[in-house]
Amino acid sequence: MPVNVLFSARAALWPVYEPLLTRYLTEAGLDFSLGIEFAPGEVDYVVYAPNGGLRDFTPYTRLKAVLSLWAGIESIADNETLTVPLARMVDHGLTQGMTEWVVGHVLRYHLGMDAHIHGLNGEWRQDVPPLASERSVTVLGLGALGEASARALAALNFNVAGWSRSPKGITGVTCLHGADGLVRALSNADIVVLLLPDTSATENTLNAETLALLPKGARIINPGRGPLIDDDALLTALNAGQIDHATLDVFRTEPLPADHPYWTHPNVTVTPHIASETRPATAAQVICENIRRGEAGEPFLHLVDRDLGY
């Protein structure tokens with residue numbers, strides 16, 4: 001009997017993923033049937049994205065696992081109808097894309113590029129940046145994306161600290177955790193990068209109290225999740241000069257409404273959720289490897305802890 005794989009994602013993605021999934025499932029030596037329509041009781045695996053419309057997993061009585069195309073799984077992690085393993089997307093294409101975006105914007109801040117790009121009003125001002133070893137960068141969140149970004153920044157000789165809820169160890173990175181660790185991580189940060197998951201525990205990680213911990217004039221980069229920041233508190237901190245600038249790629253409402261004050265604030269850079277995208281060629285390999293593992297009775301990769309929400 002073939003393994004039935006349901007592709008449940010935005011319709012426009014099907015022509016992109018179908019040949020890739022077919023190729024890698026074939027290379028894995030699996031007898032499979034791949035499609036966008038099956039009787040629910042015949043489905044073994046669901047390749048999933050929230051924009052595919054699938055919400056109720058109750059009829060999927062043969063289901064072995066749900067394999068997310070997205071790194072973020074907050075929209076499905078608390079789905080009570082889902083009782084089988086849920087795997088998030090971790091692939092080297094997505095990780096590399098995020099790392100490049102983070103490093104690029106950290107260097108932009110570090111080197112003071114904005115002043116030169118936008119002009120200095122005819123003033124010949126030779127502001128020489130410090131060396132990277134004299135600049136402190138804190139990465140909040142040390143999952144796959146946060147760890148890769150922290151390692152890349154440390155390789156450039158930045159003074160890198162990383163914070164996570166539970167203890168981590170990364171060579172070249174000062175790893176902190178817990179409430180006391182967060183205070184320390186923020187208190188010394190010239191630049192803060194947010195790469196935490198979106199959970200009830202991480203919402204408003206940057207708020208009026210924690211923003212006040214940062215050195216005056218700190219910069220913020222958020223390619224993680226919009227709810228990690230209290231927007232009103234950030235705007236207040238920007239207006240007061242406590243925060244010098246914020247580069248924001250993710251928001252509570254997307255697309256960001258045209259009348260949102262971030263668009264016109266002189267100390268905010270808005271980018272349209274482009275920090276990193278799932279790359280179909282590499283993501284398809286991860287999906288197919290997990291299906292191979294499921295059929296071989298091996299542990300799935302990148303399983304979500306449903307209690308933690310990531």
# chains A, B, ... in the order shown; residues from 1 in each chain; ligands from 1
>>> residues_around(residues="Thr95 (chain A)", least_positions_apart="4", cutoff="8 Å", atoms="only C-alpha atoms", output="PyMOL selection string")
chain A and resi 90-91+99+144-145+148+276
>>> select_by_dssp(residues="region 108-302 of chain A", states="strand (DSSP E or B)", output="number ranges by chain")
A: 136-140, 159-164, 170, 173-177, 191-194, 206, 218-222, 229, 243-248, 268-270
>>> residues_around(residues="Thr247 (chain A)", least_positions_apart="6", cutoff="10 Å", atoms="only C-alpha atoms", output="short mmCIF file (atom, residue, chain, number, x, y, z; two decimals) with N, CA and C atoms, in the first residue's frame")
data_model
loop_
_atom_site.label_atom_id
_atom_site.label_comp_id
_atom_site.auth_asym_id
_atom_site.auth_seq_id
_atom_site.Cartn_x
_atom_site.Cartn_y
_atom_site.Cartn_z
N HIS A 105 22.12 43.45 8.65
CA HIS A 105 21.57 44.60 9.38
C HIS A 105 22.38 44.93 10.63
N VAL A 106 23.01 43.95 11.25
CA VAL A 106 23.93 44.26 12.34
C VAL A 106 25.10 45.07 11.80
N TYR A 109 24.13 48.70 11.12
CA TYR A 109 24.16 49.52 12.34
C TYR A 109 25.60 49.76 12.80
N VAL A 193 18.96 41.46 18.71
CA VAL A 193 18.30 40.72 17.63
C VAL A 193 17.29 39.77 18.25
N ARG A 219 20.15 49.73 19.53
CA ARG A 219 19.39 49.45 18.31
C ARG A 219 18.73 48.08 18.41
N ILE A 220 17.59 47.93 17.73
CA ILE A 220 16.81 46.70 17.79
C ILE A 220 16.59 46.18 16.38
N ILE A 221 16.72 44.87 16.22
CA ILE A 221 16.45 44.19 14.95
C ILE A 221 15.48 43.05 15.25
N ASN A 222 14.31 43.05 14.61
CA ASN A 222 13.33 42.00 14.87
C ASN A 222 12.92 41.30 13.58
N PRO A 223 13.56 40.16 13.28
CA PRO A 223 13.10 39.30 12.19
C PRO A 223 12.37 38.07 12.71
N TYR A 262 4.85 53.15 12.50
CA TYR A 262 6.18 52.66 12.11
C TYR A 262 6.58 53.14 10.72
N ASN A 267 13.03 56.91 12.91
CA ASN A 267 13.99 55.99 13.50
C ASN A 267 13.54 54.53 13.44
N VAL A 268 12.70 54.25 12.46
CA VAL A 268 12.24 52.88 12.23
C VAL A 268 12.46 52.52 10.77
N THR A 269 13.02 51.35 10.53
CA THR A 269 13.10 50.78 9.19
C THR A 269 12.14 49.60 9.14
N VAL A 270 11.22 49.64 8.19
CA VAL A 270 10.25 48.57 7.99
C VAL A 270 10.70 47.74 6.79
N THR A 271 10.79 46.44 6.98
CA THR A 271 10.97 45.54 5.84
C THR A 271 9.81 44.55 5.84
#
>>> residues_around(residues="Ala155 (chain A)", least_positions_apart="5", cutoff="10 Å", atoms="only C-alpha atoms", output="CSV table (one decimal) with N, CA and C atoms, in the first residue's frame")
chain,number,residue,atom,x,y,z
A,149,SER,N,22.8,32.6,13.7
A,149,SER,CA,23.1,34.0,13.6
A,149,SER,C,24.1,34.4,14.7
A,150,ALA,N,24.0,33.9,15.9
A,150,ALA,CA,25.0,34.2,16.9
A,150,ALA,C,26.4,33.7,16.6
A,160,VAL,N,29.3,38.7,21.4
A,160,VAL,CA,28.0,38.2,21.3
A,160,VAL,C,27.5,37.5,22.6
A,172,GLY,N,32.1,30.6,21.7
A,172,GLY,CA,32.3,31.9,21.3
A,172,GLY,C,31.1,32.9,21.6
A,173,VAL,N,30.1,32.3,22.2
A,173,VAL,CA,28.9,33.1,22.6
A,173,VAL,C,28.6,33.0,24.1
>>> residues_around(residues="region 302-309 of chain A", least_positions_apart="5", cutoff="8 Å", atoms="only C-alpha atoms", output="PDB file with C-alpha atoms, in the first residue's frame")
ATOM      1  CA  ILE A  73       4.196  26.786  14.233  1.00  0.00           C
ATOM      2  CA  GLU A  74       2.272  28.985  16.679  1.00  0.00           C
ATOM      3  CA  ALA A  77       0.833  24.068  18.070  1.00  0.00           C
ATOM      4  CA  ASP A  78      -2.248  24.446  20.270  1.00  0.00           C
ATOM      5  CA  PRO A  85       3.747  14.363  16.026  1.00  0.00           C
ATOM      6  CA  LEU A  86       4.242  17.871  14.613  1.00  0.00           C
ATOM      7  CA  ALA A  87       7.576  18.808  13.030  1.00  0.00           C
ATOM      8  CA  ARG A  88       8.608  22.382  12.323  1.00  0.00           C
ATOM      9  CA  MET A  89      10.717  23.406   9.359  1.00  0.00           C
ATOM     10  CA  VAL A  90      14.425  23.577   9.973  1.00  0.00           C
ATOM     11  CA  THR A 199       4.358  31.954  22.636  1.00  0.00           C
TER      12      THR A 199
END
>>> closest_residue(among="A:Val3, A:Leu94, A:Ala189, A:Val16", to="Arg62 (chain A)", atoms="only C-alpha atoms")
A:Val3
>>> select_by_dssp(residues="region 51-196 of chain A", states="alpha helix (DSSP H)", output="short mmCIF file (atom, residue, chain, number, x, y, z; two decimals) with C-alpha atoms, in the first residue's frame")
data_model
loop_
_atom_site.label_atom_id
_atom_site.label_comp_id
_atom_site.auth_asym_id
_atom_site.auth_seq_id
_atom_site.Cartn_x
_atom_site.Cartn_y
_atom_site.Cartn_z
CA HIS A 92 19.80 25.03 5.86
CA GLY A 93 18.36 27.32 3.17
CA LEU A 94 16.03 29.07 5.61
CA THR A 95 18.77 29.23 8.25
CA GLN A 96 21.33 30.65 5.86
CA GLY A 97 18.86 33.25 4.59
CA MET A 98 18.07 34.43 8.12
CA THR A 99 21.72 34.51 9.09
CA GLU A 100 22.62 36.64 6.07
CA TRP A 101 19.79 39.09 6.81
CA VAL A 102 20.69 39.42 10.48
CA VAL A 103 24.41 39.85 9.82
CA GLY A 104 23.68 42.42 7.11
CA HIS A 105 21.57 44.60 9.38
CA VAL A 106 23.93 44.26 12.34
CA LEU A 107 26.77 45.42 10.08
CA ARG A 108 24.60 48.25 8.79
CA TYR A 109 24.16 49.52 12.34
CA HIS A 110 27.74 48.77 13.35
CA LEU A 111 29.29 50.64 10.42
CA MET A 113 25.80 52.94 6.90
CA ASP A 114 22.49 54.80 7.07
CA ALA A 115 24.15 58.17 7.60
CA HIS A 116 26.29 57.76 4.51
CA ILE A 117 23.56 56.23 2.36
CA ALA A 144 18.31 26.92 15.01
CA LEU A 145 18.03 30.44 13.57
CA GLY A 146 19.28 32.25 16.65
CA GLU A 147 22.23 29.93 17.15
CA ALA A 148 23.30 30.22 13.52
CA SER A 149 23.05 34.02 13.64
CA ALA A 150 24.96 34.20 16.93
CA ARG A 151 27.73 31.97 15.59
CA ALA A 152 28.06 34.07 12.43
CA LEU A 153 28.30 37.31 14.42
CA ALA A 154 30.85 35.78 16.79
CA ALA A 155 32.90 34.69 13.76
CA GLY A 178 16.20 32.73 32.79
CA ALA A 179 14.95 36.04 34.17
CA ASP A 180 18.30 37.10 35.62
CA GLY A 181 20.04 36.17 32.40
CA LEU A 182 17.67 38.36 30.39
CA VAL A 183 18.52 41.37 32.54
CA ARG A 184 22.22 40.76 31.96
CA ALA A 185 21.78 40.11 28.25
CA LEU A 186 19.95 43.38 27.70
CA SER A 187 21.98 45.56 30.05
#
>>> atom_distance(atom1="CA of Ala132 (chain A)", atom2="CA of Phe158 (chain A)")
4.5 Å
>>> closest_residue(among="A:Ala240, A:Val5, A:Ala11, A:Leu67", to="Leu25 (chain A)", atoms="only C-alpha atoms")
A:Val5
>>> closest_residue(among="A:Pro50, A:Gly112, A:Gly217, A:Pro261", to="Asp190 (chain A)", atoms="only C-alpha atoms")
A:Gly217
>>> closest_residue(among="A:Ile229, A:Leu140, A:Leu34, A:Ala284", to="Leu195 (chain A)", atoms="only C-alpha atoms")
A:Leu140
>>> atom_distance(atom1="CA of Thr210 (chain A)", atom2="CA of Asn159 (chain A)")
20.3 Å
